[in-house]
Amino acid sequence: MRACGQFEKMLINGLAYCCADGRIKVSDEISQLPPPVQERLLRLQQLQQTLQSILGQKQQVELEVTEIDQALNELQKLTDDAVIYKAAGSLLMRSERPKVIIELTERKELLNTRATILVKQEERLRGQLKDVQTKLQQDLNPVSPPS
């Protein structure tokens, strides 16, 4: 993920806030811009927040997959008659090794599917962000006439 430049930070930080009645109030500096530019700035902020959420979810999924891989590796070292305990809320319950392996494998498959969806969402959001940023740069840096 690339870092925001100083110009982008100025566009994003303090753009707007929500009023108690749910209306969005833009900052004084932003309110002087044309309404379409204001909307693009707010859209840019929304997209960035959504991207941060997606990246957080993706990180959590990757972490859980890593933990499952470690657990499966440890389970492979044991025999089928080994005593296995698994967490069920705040309890530890005795379980059978083959059953735990199946449960963990199914959970891992589900998480891998979720990770694939998150990657697609991330790619789509990055494309939308790039489009909005390009339009904003065009709005805020009008082409100067030739000399």
# chains A, B, ... in the order shown; residues from 1 in each chain; ligands from 1
>>> residues_around(residues="Leu63 of chain A", least_positions_apart="5", cutoff="12 Å", atoms="only C-alpha atoms", output="list in words")
Gly56, Gln57, Lys58, Ile68, Asp69, Gln70, Lys108, Leu111, Asn112 and Ala115 of chain A
>>> select_by_dssp(residues="segment 37-88 of chain A", states="strand (DSSP E or B)", output="compact mmCIF listing (two decimals) with C-alpha atoms, in the first residue's frame")
# COMPACT_ATOMS: atom_id res chain seq x y z
CA ILE A 84 -7.17 -33.71 21.92
CA TYR A 85 -8.90 -30.77 23.55
CA LYS A 86 -10.47 -27.92 21.62
CA ALA A 87 -11.81 -24.62 22.83
CA ALA A 88 -15.55 -24.14 22.93
>>> select_by_dssp(residues="segment 13-146 of chain A", states="helix (DSSP H, G or I)", output="ChimeraX atom specification")
/A:28-31,35-76,97-140
>>> closest_atom_pairs(of="segment 35-90 of chain A", to="segment 125-129 of chain A", cutoff="9 Å", atoms="only C-alpha atoms", output="CSV")
residue,atom,partner,partner_atom,distance
A:Arg43,CA,A:Leu129,CA,8.8
A:Leu44,CA,A:Leu129,CA,6.4
A:Leu47,CA,A:Leu129,CA,6.4
A:Gln48,CA,A:Leu129,CA,7.4
A:Thr50,CA,A:Leu125,CA,8.0
A:Leu51,CA,A:Leu125,CA,6.4
